[in-house]
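Dumped upload-v9.cif below, it's mmCIF, C-alpha atoms and all ligand atoms:
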```cif
data_model
#
loop_
_atom_site.label_atom_id
_atom_site.label_comp_id
_atom_site.auth_asym_id
_atom_site.auth_seq_id
_atom_site.Cartn_x
_atom_site.Cartn_y
_atom_site.Cartn_z
CA MET A 9 -69.11 -24.68 -149.25
CA THR A 10 -67.54 -25.21 -145.85
CA ARG A 11 -63.90 -25.60 -144.98
CA THR A 12 -62.85 -27.95 -142.18
CA ARG A 13 -59.43 -27.74 -140.61
CA THR A 14 -57.82 -29.27 -137.59
CA VAL A 15 -56.50 -26.38 -135.52
CA ALA A 16 -52.86 -27.29 -135.10
CA PHE A 17 -51.12 -26.63 -131.82
CA SER A 18 -48.88 -23.61 -132.00
CA LYS A 19 -45.73 -22.84 -130.06
CA ASN A 20 -45.89 -19.25 -131.25
CA SER A 21 -49.04 -18.30 -129.42
CA THR A 22 -50.00 -18.45 -125.79
CA ASN A 23 -53.51 -19.22 -124.58
CA LEU A 24 -54.09 -18.04 -121.05
CA PHE A 25 -57.25 -19.29 -119.37
CA PHE A 26 -57.41 -17.10 -116.30
CA HIS A 27 -59.90 -17.98 -113.54
CA ILE A 28 -59.96 -14.76 -111.54
CA LEU A 29 -62.40 -16.18 -108.96
CA THR A 30 -64.36 -19.38 -108.42
CA GLN A 31 -67.52 -17.77 -107.04
CA CYS A 32 -70.60 -18.20 -109.21
CA ASN A 33 -74.31 -17.41 -108.98
CA LEU A 34 -75.26 -20.69 -110.72
CA LYS A 35 -74.86 -24.34 -109.73
CA CYS A 36 -74.64 -26.10 -113.09
CA ARG A 37 -74.87 -29.89 -112.94
CA HIS A 38 -71.58 -30.37 -114.78
CA CYS A 39 -69.61 -27.50 -113.22
CA TYR A 40 -65.90 -28.33 -113.43
CA ILE A 41 -64.89 -25.85 -110.74
CA ASN A 42 -63.57 -27.75 -107.77
CA PRO A 43 -63.04 -25.35 -104.83
CA ALA A 44 -60.92 -27.90 -102.93
CA GLN A 45 -58.44 -27.86 -105.80
CA HIS A 46 -58.94 -24.37 -107.23
CA GLY A 47 -59.47 -22.21 -104.16
CA GLN A 48 -62.41 -20.03 -103.16
CA ASN A 49 -60.76 -16.64 -103.19
CA THR A 50 -61.35 -13.65 -105.45
CA LEU A 51 -58.05 -12.33 -106.75
CA PRO A 52 -57.38 -8.67 -105.97
CA LEU A 53 -56.72 -6.49 -109.00
CA SER A 54 -53.08 -6.04 -107.98
CA THR A 55 -52.58 -9.82 -108.13
CA ILE A 56 -54.41 -10.14 -111.45
CA LYS A 57 -52.12 -7.48 -112.89
CA ALA A 58 -48.98 -9.15 -111.57
CA TRP A 59 -50.00 -12.55 -112.93
CA LEU A 60 -50.94 -11.10 -116.33
CA GLU A 61 -47.52 -9.46 -116.45
CA ALA A 62 -45.87 -12.81 -115.76
CA PHE A 63 -47.45 -14.18 -118.95
CA ALA A 64 -47.11 -11.07 -121.07
CA LYS A 65 -43.46 -11.66 -121.90
CA ASN A 66 -41.85 -13.90 -124.50
CA SER A 67 -44.83 -14.67 -126.67
CA ASN A 68 -45.64 -13.61 -130.21
CA SER A 69 -49.36 -13.78 -129.80
CA LYS A 70 -51.30 -13.95 -126.58
CA ASN A 71 -54.93 -14.96 -126.25
CA LEU A 72 -56.51 -14.26 -122.89
CA ILE A 73 -59.76 -15.74 -121.66
CA PHE A 74 -61.19 -14.43 -118.40
CA LEU A 75 -63.10 -17.15 -116.55
CA GLY A 76 -64.55 -17.94 -113.15
CA GLY A 77 -66.76 -19.00 -111.56
CA GLU A 78 -68.57 -16.15 -113.19
CA PRO A 79 -65.95 -13.52 -114.07
CA THR A 80 -68.45 -10.65 -114.27
CA LEU A 81 -68.97 -11.07 -110.51
CA HIS A 82 -65.44 -9.68 -110.12
CA PRO A 83 -65.80 -5.97 -109.31
CA GLU A 84 -62.53 -5.11 -111.10
CA LEU A 85 -63.00 -7.11 -114.31
CA ALA A 86 -63.09 -3.99 -116.49
CA ALA A 87 -59.83 -2.72 -114.98
CA ALA A 88 -58.26 -6.15 -115.55
CA VAL A 89 -59.30 -6.02 -119.23
CA THR A 90 -57.77 -2.56 -119.62
CA HIS A 91 -54.52 -3.70 -118.03
CA ALA A 92 -54.34 -6.80 -120.24
CA ARG A 93 -54.88 -4.75 -123.37
CA GLY A 94 -52.09 -2.43 -122.30
CA LEU A 95 -49.78 -5.43 -121.90
CA GLY A 96 -50.36 -6.38 -125.53
CA PHE A 97 -52.64 -9.39 -125.22
CA GLY A 98 -53.79 -9.89 -128.79
CA SER A 99 -57.25 -11.19 -128.09
CA ILE A 100 -59.37 -10.92 -124.98
CA THR A 101 -62.48 -12.99 -124.33
CA ILE A 102 -64.81 -12.95 -121.35
CA ASP A 103 -66.60 -16.25 -120.74
CA THR A 104 -69.91 -15.69 -119.01
CA ASN A 105 -73.09 -17.48 -118.03
CA GLY A 106 -74.97 -14.45 -119.37
CA TYR A 107 -75.87 -12.66 -116.16
CA LEU A 108 -73.35 -9.90 -117.00
CA PHE A 109 -73.02 -8.60 -113.46
CA GLY A 110 -71.60 -5.20 -112.55
CA ASP A 111 -73.02 -3.55 -115.68
CA ILE A 112 -69.93 -4.90 -117.45
CA LEU A 113 -71.17 -4.03 -120.96
CA SER A 114 -71.02 -0.33 -120.13
CA LYS A 115 -67.56 -0.57 -118.54
CA VAL A 116 -65.67 -2.21 -121.42
CA THR A 117 -65.69 -1.52 -125.15
CA PRO A 118 -65.76 -3.70 -128.26
CA ALA A 119 -62.25 -2.43 -128.97
CA ALA A 120 -61.04 -3.87 -125.67
CA VAL A 121 -62.99 -7.15 -125.60
CA ASP A 122 -62.86 -9.33 -128.72
CA TYR A 123 -65.59 -11.72 -127.62
CA PHE A 124 -68.16 -12.22 -124.94
CA SER A 125 -68.58 -15.99 -124.91
CA PHE A 126 -71.87 -17.24 -123.46
CA SER A 127 -72.58 -20.72 -122.10
CA LEU A 128 -75.90 -22.31 -122.96
CA ASP A 129 -76.57 -26.04 -122.66
CA GLY A 130 -79.93 -26.48 -124.34
CA ALA A 131 -81.86 -25.09 -127.27
CA THR A 132 -84.95 -25.04 -125.08
CA ARG A 133 -85.57 -23.45 -121.72
CA ASP A 134 -86.50 -26.82 -120.19
CA THR A 135 -83.28 -28.59 -121.11
CA ASN A 136 -80.93 -25.70 -120.40
CA ASP A 137 -82.50 -24.85 -117.07
CA ARG A 138 -82.49 -28.49 -115.96
CA ILE A 139 -78.69 -28.44 -116.42
CA ARG A 140 -77.79 -24.84 -115.54
CA GLY A 141 -80.57 -23.68 -113.24
CA LYS A 142 -83.97 -22.03 -113.38
CA GLY A 143 -84.00 -18.74 -115.24
CA SER A 144 -80.55 -19.19 -116.80
CA TYR A 145 -81.90 -19.73 -120.34
CA ASP A 146 -83.85 -16.48 -120.52
CA THR A 147 -81.08 -14.54 -118.81
CA CYS A 148 -78.40 -15.89 -121.15
CA LEU A 149 -80.40 -15.10 -124.29
CA ALA A 150 -81.16 -11.61 -123.00
CA GLY A 151 -77.46 -11.14 -122.20
CA ILE A 152 -76.43 -12.17 -125.72
CA ARG A 153 -78.89 -9.71 -127.24
CA ARG A 154 -77.68 -6.90 -124.98
CA ALA A 155 -74.04 -7.61 -125.86
CA ILE A 156 -74.77 -7.63 -129.60
CA ASP A 157 -76.82 -4.44 -129.31
CA ALA A 158 -73.85 -2.82 -127.57
CA GLY A 159 -71.61 -3.75 -130.53
CA PHE A 160 -69.73 -6.74 -129.04
CA ALA A 161 -68.87 -9.88 -130.99
CA THR A 162 -70.37 -12.93 -129.30
CA SER A 163 -69.80 -16.65 -129.28
CA LEU A 164 -71.74 -19.45 -127.65
CA ILE A 165 -70.43 -22.56 -125.89
CA TYR A 166 -72.59 -25.70 -125.80
CA THR A 167 -71.31 -28.56 -123.65
CA VAL A 168 -72.62 -31.79 -125.13
CA SER A 169 -73.83 -34.44 -122.70
CA ARG A 170 -76.43 -37.17 -122.64
CA SER A 171 -78.86 -34.59 -121.30
CA ASN A 172 -78.73 -32.25 -124.28
CA ILE A 173 -77.24 -33.90 -127.38
CA HIS A 174 -80.75 -34.30 -128.74
CA GLU A 175 -81.10 -30.51 -128.91
CA LEU A 176 -77.80 -29.71 -130.63
CA GLU A 177 -79.48 -29.58 -134.04
CA MET A 178 -82.10 -27.18 -132.70
CA MET A 179 -79.33 -24.70 -131.90
CA ALA A 180 -79.06 -23.77 -135.59
CA PRO A 181 -82.18 -21.57 -135.82
CA LEU A 182 -81.53 -20.17 -132.35
CA LEU A 183 -78.01 -19.10 -133.31
CA ASP A 184 -79.36 -17.50 -136.49
CA ASN A 185 -81.96 -15.66 -134.50
CA LEU A 186 -79.49 -14.40 -131.93
CA GLY A 187 -76.78 -13.27 -134.36
CA VAL A 188 -73.92 -15.11 -132.63
CA THR A 189 -70.88 -15.46 -134.94
CA ARG A 190 -68.93 -18.36 -133.36
CA PHE A 191 -70.24 -21.61 -131.93
CA PHE A 192 -68.09 -23.82 -129.71
CA ILE A 193 -69.21 -27.38 -129.06
CA GLN A 194 -67.51 -28.94 -126.04
CA VAL A 195 -67.48 -32.49 -124.84
CA ILE A 196 -68.41 -32.89 -121.20
CA GLY A 197 -65.32 -33.86 -119.24
CA LEU A 198 -65.26 -35.96 -116.10
CA ARG A 199 -64.11 -33.12 -113.92
CA GLY A 200 -65.59 -31.38 -110.92
CA LYS A 201 -69.21 -32.40 -110.40
CA SER A 202 -69.28 -34.56 -113.54
CA ALA A 203 -66.55 -36.74 -112.08
CA LEU A 204 -68.93 -37.62 -109.27
CA ALA A 205 -71.41 -39.03 -111.78
CA ALA A 206 -68.69 -40.76 -113.78
CA GLY A 207 -68.31 -44.37 -114.58
CA ASP A 208 -68.95 -46.46 -117.61
CA SER A 209 -70.11 -44.26 -120.51
CA GLN A 210 -72.74 -46.92 -121.21
CA SER A 211 -74.17 -46.49 -117.70
CA PRO A 212 -77.24 -44.25 -117.41
CA GLU A 213 -75.44 -42.23 -114.70
CA SER A 214 -72.61 -41.16 -117.01
CA PRO A 215 -73.06 -37.68 -118.46
CA GLN A 216 -70.85 -38.54 -121.46
CA VAL A 217 -72.21 -39.65 -124.81
CA SER A 218 -70.83 -42.77 -126.49
CA ARG A 219 -68.29 -42.60 -129.32
CA SER A 220 -70.85 -43.79 -131.85
CA GLN A 221 -73.38 -41.18 -130.77
CA TRP A 222 -70.76 -38.43 -130.83
CA LEU A 223 -69.52 -39.34 -134.31
CA ALA A 224 -73.04 -39.79 -135.68
CA THR A 225 -74.20 -36.44 -134.34
CA VAL A 226 -71.62 -33.75 -133.69
CA PRO A 227 -69.54 -33.41 -136.91
CA GLY A 228 -72.62 -33.39 -139.15
CA ILE A 229 -74.50 -30.82 -137.09
CA ALA A 230 -71.37 -28.69 -136.79
CA ARG A 231 -71.10 -28.65 -140.59
CA MET A 232 -74.78 -27.83 -140.99
CA ILE A 233 -74.45 -24.87 -138.63
CA ALA A 234 -71.25 -23.66 -140.33
CA GLU A 235 -73.11 -23.68 -143.65
CA ARG A 236 -75.35 -20.99 -142.18
CA GLY A 237 -72.35 -18.67 -141.91
CA LEU A 238 -70.91 -19.31 -138.43
CA ILE A 239 -67.47 -20.52 -137.44
CA VAL A 240 -68.03 -23.77 -135.55
CA THR A 241 -65.41 -25.48 -133.40
CA TYR A 242 -65.62 -28.88 -131.75
CA PRO A 243 -63.08 -31.21 -130.15
CA LYS A 244 -61.74 -33.93 -132.39
CA VAL A 245 -61.89 -36.49 -129.53
CA PHE A 246 -61.17 -39.65 -131.56
CA LEU A 247 -58.20 -40.34 -133.82
CA ASN A 248 -57.86 -43.18 -136.29
CA PRO A 249 -54.84 -45.40 -135.57
CA ALA A 250 -53.02 -43.81 -138.52
CA GLU A 251 -53.55 -40.22 -137.33
CA LYS A 252 -50.73 -38.54 -135.47
CA PHE A 253 -51.25 -38.02 -131.76
CA GLU A 254 -49.80 -34.98 -130.03
CA CYS A 255 -50.11 -33.90 -126.42
CA ALA A 256 -50.64 -30.15 -126.13
CA GLY A 257 -48.69 -30.29 -122.88
CA THR A 258 -45.52 -30.92 -124.87
CA VAL A 259 -46.12 -28.94 -128.05
CA ALA A 260 -48.33 -25.96 -127.18
CA ASP A 261 -48.39 -23.05 -124.82
CA ASN A 262 -51.62 -23.25 -122.81
CA TYR A 263 -51.99 -22.16 -119.20
CA PHE A 264 -54.98 -22.71 -116.93
CA VAL A 265 -54.60 -20.37 -113.97
CA PHE A 266 -56.65 -20.67 -110.76
CA PRO A 267 -57.06 -18.18 -107.93
CA ASN A 268 -55.19 -20.35 -105.45
CA GLY A 269 -52.10 -19.90 -107.63
CA ARG A 270 -52.11 -23.27 -109.34
CA VAL A 271 -51.22 -23.20 -113.02
CA TYR A 272 -51.96 -26.27 -115.11
CA ARG A 273 -50.94 -27.04 -118.69
CA CYS A 274 -53.70 -29.62 -119.15
CA PRO A 275 -57.39 -29.18 -118.23
CA LEU A 276 -57.85 -32.90 -117.57
CA CYS A 277 -55.40 -32.59 -114.68
CA GLU A 278 -57.33 -29.86 -112.87
CA ASP A 279 -58.97 -32.14 -110.29
CA PHE A 280 -55.58 -33.24 -108.98
CA PRO A 281 -52.63 -31.49 -107.30
CA VAL A 282 -50.35 -32.21 -110.27
CA HIS A 283 -50.10 -28.66 -111.64
CA SER A 284 -46.71 -27.99 -113.17
CA LEU A 285 -46.45 -24.33 -112.19
CA CYS A 286 -47.52 -22.25 -109.24
CA PHE A 287 -47.60 -18.58 -108.29
CA ALA A 288 -45.86 -17.78 -105.02
CA GLU A 289 -45.58 -14.10 -104.09
CA ASN A 290 -46.61 -13.29 -107.64
CA GLN A 291 -43.66 -15.18 -109.11
CA LEU A 292 -44.41 -18.09 -111.40
CA ALA A 293 -42.31 -21.12 -110.51
CA PRO A 294 -42.24 -24.81 -111.49
CA THR A 295 -43.59 -27.29 -108.96
CA ALA A 296 -41.77 -30.33 -107.67
CA LYS A 297 -42.05 -33.64 -109.50
CA LEU A 298 -44.09 -35.74 -110.00
CA ASN A 299 -46.44 -33.41 -111.82
CA GLU A 300 -48.52 -33.33 -114.99
CA GLN A 301 -45.41 -32.82 -117.15
CA ASP A 302 -44.35 -36.37 -116.29
CA PHE A 303 -47.64 -37.72 -117.69
CA PHE A 304 -47.27 -35.74 -120.92
CA GLN A 305 -44.06 -37.60 -121.78
CA LEU A 306 -45.66 -41.06 -121.67
CA ASP A 307 -46.24 -42.63 -125.07
CA ILE A 308 -49.16 -45.05 -124.98
CA PRO A 309 -51.13 -46.63 -127.84
CA GLU A 310 -54.37 -45.15 -126.48
CA GLY A 311 -53.18 -41.56 -127.11
CA CYS A 312 -53.98 -39.18 -124.23
CA VAL A 313 -52.55 -40.47 -120.95
CA MET A 314 -54.89 -38.46 -118.75
CA ASN A 315 -57.90 -39.81 -120.59
CA LYS A 316 -56.62 -43.34 -119.98
CA LEU A 317 -56.26 -42.53 -116.28
CA ILE A 318 -59.56 -40.78 -115.59
CA GLN A 319 -61.89 -41.79 -118.46
CA PRO A 320 -60.67 -45.29 -119.48
CA HIS A 321 -64.15 -46.37 -120.53
CA ASN A 322 -63.78 -44.05 -123.56
CA ILE A 323 -61.46 -46.58 -125.20
CA SER A 324 -62.35 -49.94 -126.67
CA TYR A 325 -59.94 -52.71 -127.60
CA ASN A 326 -59.84 -55.37 -130.31
CA GLU A 327 -59.42 -59.10 -129.65
CA GLN A 328 -55.64 -58.73 -129.67
CA GLY A 329 -55.89 -56.15 -126.88
CA ALA A 330 -54.92 -53.18 -129.07
CA PRO A 331 -56.97 -49.98 -128.87
CA GLU A 332 -59.35 -49.60 -131.82
CA TYR A 333 -58.68 -45.86 -131.97
CA LYS A 334 -56.75 -43.22 -130.08
CA ILE A 335 -58.14 -40.47 -127.87
CA ALA A 336 -56.96 -37.09 -129.14
CA CYS A 337 -55.73 -34.36 -126.86
CA CYS A 338 -58.82 -32.66 -125.46
CA LEU A 339 -57.42 -29.39 -126.78
CA LEU A 340 -57.29 -30.55 -130.41
CA LYS A 341 -60.14 -28.91 -132.29
CA GLU A 342 -61.83 -29.13 -135.64
CA GLU A 343 -62.91 -25.76 -136.99
CA ILE A 344 -65.47 -25.43 -139.75
CA SER A 345 -66.09 -22.17 -141.52
CA GLY A 346 -67.95 -21.27 -144.64
CA GLY A 347 -71.53 -20.78 -145.58
S1 LIG A 401 -71.75 -20.91 -114.82
FE1 LIG A 401 -69.77 -21.95 -115.01
S2 LIG A 401 -68.75 -21.66 -113.03
FE2 LIG A 401 -70.93 -21.19 -112.74
S3 LIG A 401 -71.83 -23.10 -111.98
FE3 LIG A 401 -72.09 -23.02 -114.21
S4 LIG A 401 -70.30 -24.15 -115.04
FE4 LIG A 401 -69.83 -23.61 -112.89
S1 LIG A 402 -55.60 -33.77 -122.56
FE1 LIG A 402 -54.13 -35.47 -122.72
S2 LIG A 402 -53.02 -35.07 -124.58
FE2 LIG A 402 -54.02 -33.10 -123.97
S3 LIG A 402 -52.56 -31.98 -122.69
FE3 LIG A 402 -53.77 -33.28 -121.34
S4 LIG A 402 -52.60 -35.19 -121.11
FE4 LIG A 402 -51.82 -34.13 -122.93
#
```
Before we go any further, please render this structure as structure tokens.
Ligand code: SF4
Ligand code: SF4
Amino acid sequence: MTRTRTVAFSKNSTNLFFHILTQCNLKCRHCYINPAQHGQNTLPLSTIKAWLEAFAKNSNSKNLIFLGGEPTLHPELAAAVTHARGLGFGSITIDTNGYLFGDILSKVTPAAVDYFSFSLDGATRDTNDRIRGKGSYDTCLAGIRRAIDAGFATSLIYTVSRSNIHELEMMAPLLDNLGVTRFFIQVIGLRGKSALAAGDSQSPESPQVSRSQWLATVPGIARMIAERGLIVTYPKVFLNPAEKFECAGTVADNYFVFPNGRVYRCPLCEDFPVHSLCFAENQLAPTAKLNEQDFFQLDIPEGCVMNKLIQPHNISYNEQGAPEYKIACCLLKEEISGG
């Protein structure tokens, strides 16, 4: 028996996605990091501490995700984790490509880090390494095994694109074999490098899968994997006309922080200078209008405004010109557990 639930947006918890640097050892084909918009600096520990403190107040529950670039390239990551724990962040995750630089597993403890979350984009070496770079498959799998052996809980992120959707099903035995407890399926967004290959989702250049392929593949495989005992999460993406649309920018407390000080509330906005907050001298302040907040207020029949602006080919219309479905907020997830 599995249980599927839509993970509702919560005002009582804060999710802080903290990019502490943009440097990375890999050059993944779909990398969403955009140095022109996100900066190229590595934040000093003193700045990381100050910015964490700015978010540590006024929240019942705080989930912190350290990101990069590759966050384990930051020489002070362990000290940043310790400081965050001291500030009361309820859960701390480190997203990694698996290289686990700086001997990070020996510098933090399972009591301090709730999850190491590994990115893998193929069930086979060929497919993953074509997307993420030669050697990244073996290194990621070895990193997962080392983390589990050291007592850490692990999750795995698989970004679905045209290049790897055919291997999603093959992830089931691999996940069993590895001992990963959570599996996150992502949809490839047209951000960073992917935006360069964007266009019509029917065009062979587009990295995105079609709606029909997504619906025919992802929910069923997610359920099959959950039946094996994992918690599986995937974005809802499409809403029926009768389903309620909500923009996380207006009803939830998510922050996407970049090392140049920009703070976004919506990941689809990250390629544009429309961030709604910004750090200046370690103080978090609202930016001038127009910014992403102005988009969040717009009520359109297609659902997500940013999707309509940057990925309009995701929507189809009936003969009367009305959208046949709505695009959900990219942060709205389905979670399946059971097994
Ligand atoms: S590991 Fe992450 S940050 Fe590094 S290139 Fe790949 S997607 Fe970009
Ligand atoms: S993805 Fe769309 S719905 Fe979600 S926060 Fe951004 S603009 Fe709002």
**Q.** Shell of 8 Å around ligand LIG 402 (chain A) (all atoms listed in the file), written as an NGL selection string
**A.** :A and (253-258 or 273-277 or 300 or 303-304 or 311-315 or 336-340)
With C-alpha atoms kept, could you save the residues just selected as an mmCIF file, in the coordinates of the input?
```
data_model
loop_
_atom_site.group_PDB
_atom_site.id
_atom_site.type_symbol
_atom_site.label_atom_id
_atom_site.label_comp_id
_atom_site.auth_asym_id
_atom_site.auth_seq_id
_atom_site.Cartn_x
_atom_site.Cartn_y
_atom_site.Cartn_z
ATOM 1 C CA PHE A 253 -51.250 -38.020 -131.760
ATOM 2 C CA GLU A 254 -49.800 -34.980 -130.030
ATOM 3 C CA CYS A 255 -50.110 -33.900 -126.420
ATOM 4 C CA ALA A 256 -50.640 -30.150 -126.130
ATOM 5 C CA GLY A 257 -48.690 -30.290 -122.880
ATOM 6 C CA THR A 258 -45.520 -30.920 -124.870
ATOM 7 C CA ARG A 273 -50.940 -27.040 -118.690
ATOM 8 C CA CYS A 274 -53.700 -29.620 -119.150
ATOM 9 C CA PRO A 275 -57.390 -29.180 -118.230
ATOM 10 C CA LEU A 276 -57.850 -32.900 -117.570
ATOM 11 C CA CYS A 277 -55.400 -32.590 -114.680
ATOM 12 C CA GLU A 300 -48.520 -33.330 -114.990
ATOM 13 C CA PHE A 303 -47.640 -37.720 -117.690
ATOM 14 C CA PHE A 304 -47.270 -35.740 -120.920
ATOM 15 C CA GLY A 311 -53.180 -41.560 -127.110
ATOM 16 C CA CYS A 312 -53.980 -39.180 -124.230
ATOM 17 C CA VAL A 313 -52.550 -40.470 -120.950
ATOM 18 C CA MET A 314 -54.890 -38.460 -118.750
ATOM 19 C CA ASN A 315 -57.900 -39.810 -120.590
ATOM 20 C CA ALA A 336 -56.960 -37.090 -129.140
ATOM 21 C CA CYS A 337 -55.730 -34.360 -126.860
ATOM 22 C CA CYS A 338 -58.820 -32.660 -125.460
ATOM 23 C CA LEU A 339 -57.420 -29.390 -126.780
ATOM 24 C CA LEU A 340 -57.290 -30.550 -130.410
#
```
Q: For ligand LIG 401 (chain A), collect every residue having any atom at a distance of at most 9 Å from a ligand atom (counting all atoms listed in the file); output as number ranges by chain.
A: A: 30-41, 75-79, 103-106, 127, 139-141
Q.
Taking (-68.1, -20.3, -133.4) as a centre in this file's frame and 6 Å as the limit, can you find every polymer residue with an atom that close, using only C-alpha atoms, and give them as a list in words?
A. Ser163, Thr189, Arg190, Phe191, Phe192, Leu238, Ile239, Val240 and Thr241 of chain A
Q: Find the spatial neighbours of segment 59-64 of chain A, counting all atoms listed in the file, within a cut-off of 8 Å - ignore same-chain residues fewer than 5 positions away - and output them as a list in words.
A: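 Once the nearby chain positions are removed, what remains is Leu24, Lys70, Ala92, Leu95, Gly96, Phe97, Phe287, Asn290, Gln291 and Leu292 of chain A.
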Residues from last step as file, C-alpha atoms, as a short mmCIF file (atom, residue, chain, number, x, y, z; two decimals), keeping the file's coordinate frame:
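That gives us out-v1.cif:
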```
data_model
loop_
_atom_site.label_atom_id
_atom_site.label_comp_id
_atom_site.auth_asym_id
_atom_site.auth_seq_id
_atom_site.Cartn_x
_atom_site.Cartn_y
_atom_site.Cartn_z
CA LEU A 24 -54.09 -18.04 -121.05
CA LYS A 70 -51.30 -13.95 -126.58
CA ALA A 92 -54.34 -6.80 -120.24
CA LEU A 95 -49.78 -5.43 -121.90
CA GLY A 96 -50.36 -6.38 -125.53
CA PHE A 97 -52.64 -9.39 -125.22
CA PHE A 287 -47.60 -18.58 -108.29
CA ASN A 290 -46.61 -13.29 -107.64
CA GLN A 291 -43.66 -15.18 -109.11
CA LEU A 292 -44.41 -18.09 -111.40
#
```
Q) Pick from A:Ser69, A:Thr12, A:Ser54, A:Gln221: nearest to Ser345 of chain A, with only C-alpha atoms counted? A) A:Thr12
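Between atom CA of Ala88 of chain A and atom CA of Asn49 of chain A lies a distance of 16.4 Å.
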(Q) Env of Gln194 of chain A: 10 Å cut, atoms = all atoms listed in the file, seq-sep filter 2 positions within chain, self excluded. Answer as a list in words. (A) Ile165, Tyr166, Thr167, Val168, Ser169, Phe191, Phe192, Ile196, Gly197, Val226, Thr241, Tyr242, Pro243, Lys244, Cys338 and Lys341 of chain A
Q: Point out the residue among A:Ala155, A:Ala87, A:Ile344, A:Cys148 with the least atom-to-atom distance to Pro227 of chain A, counting all atoms listed in the file.
A: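 Going through A:Ala155, A:Ala87, A:Ile344, A:Cys148 one by one, the smallest distance to Pro227 of chain A is for A:Ile344.
Neighbours of Thr132 of chain A closer than or equal to 9 Å, with all atoms listed in the file counted and sequence neighbours fewer than 6 positions away skipped, come out as Tyr145, Glu175, Met178 and Met179 of chain A.
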Q.
For Gly47 of chain A, find every residue with an atom within 9 Å (counting only C-alpha atoms), except residues of its own chain fewer than 4 positions away, and show them as a PyMOL selection string.
A. chain A and resi 29-30+42-43+266-269
Q: Excluding Ala180 of chain A and any residue of its chain fewer than 2 positions from it, enumerate the residues within 12 Å of it, using all atoms listed in the file, and give them as a ChimeraX atom specification.
A: /A:130-131,164,166,175-178,182-191,229-238,240
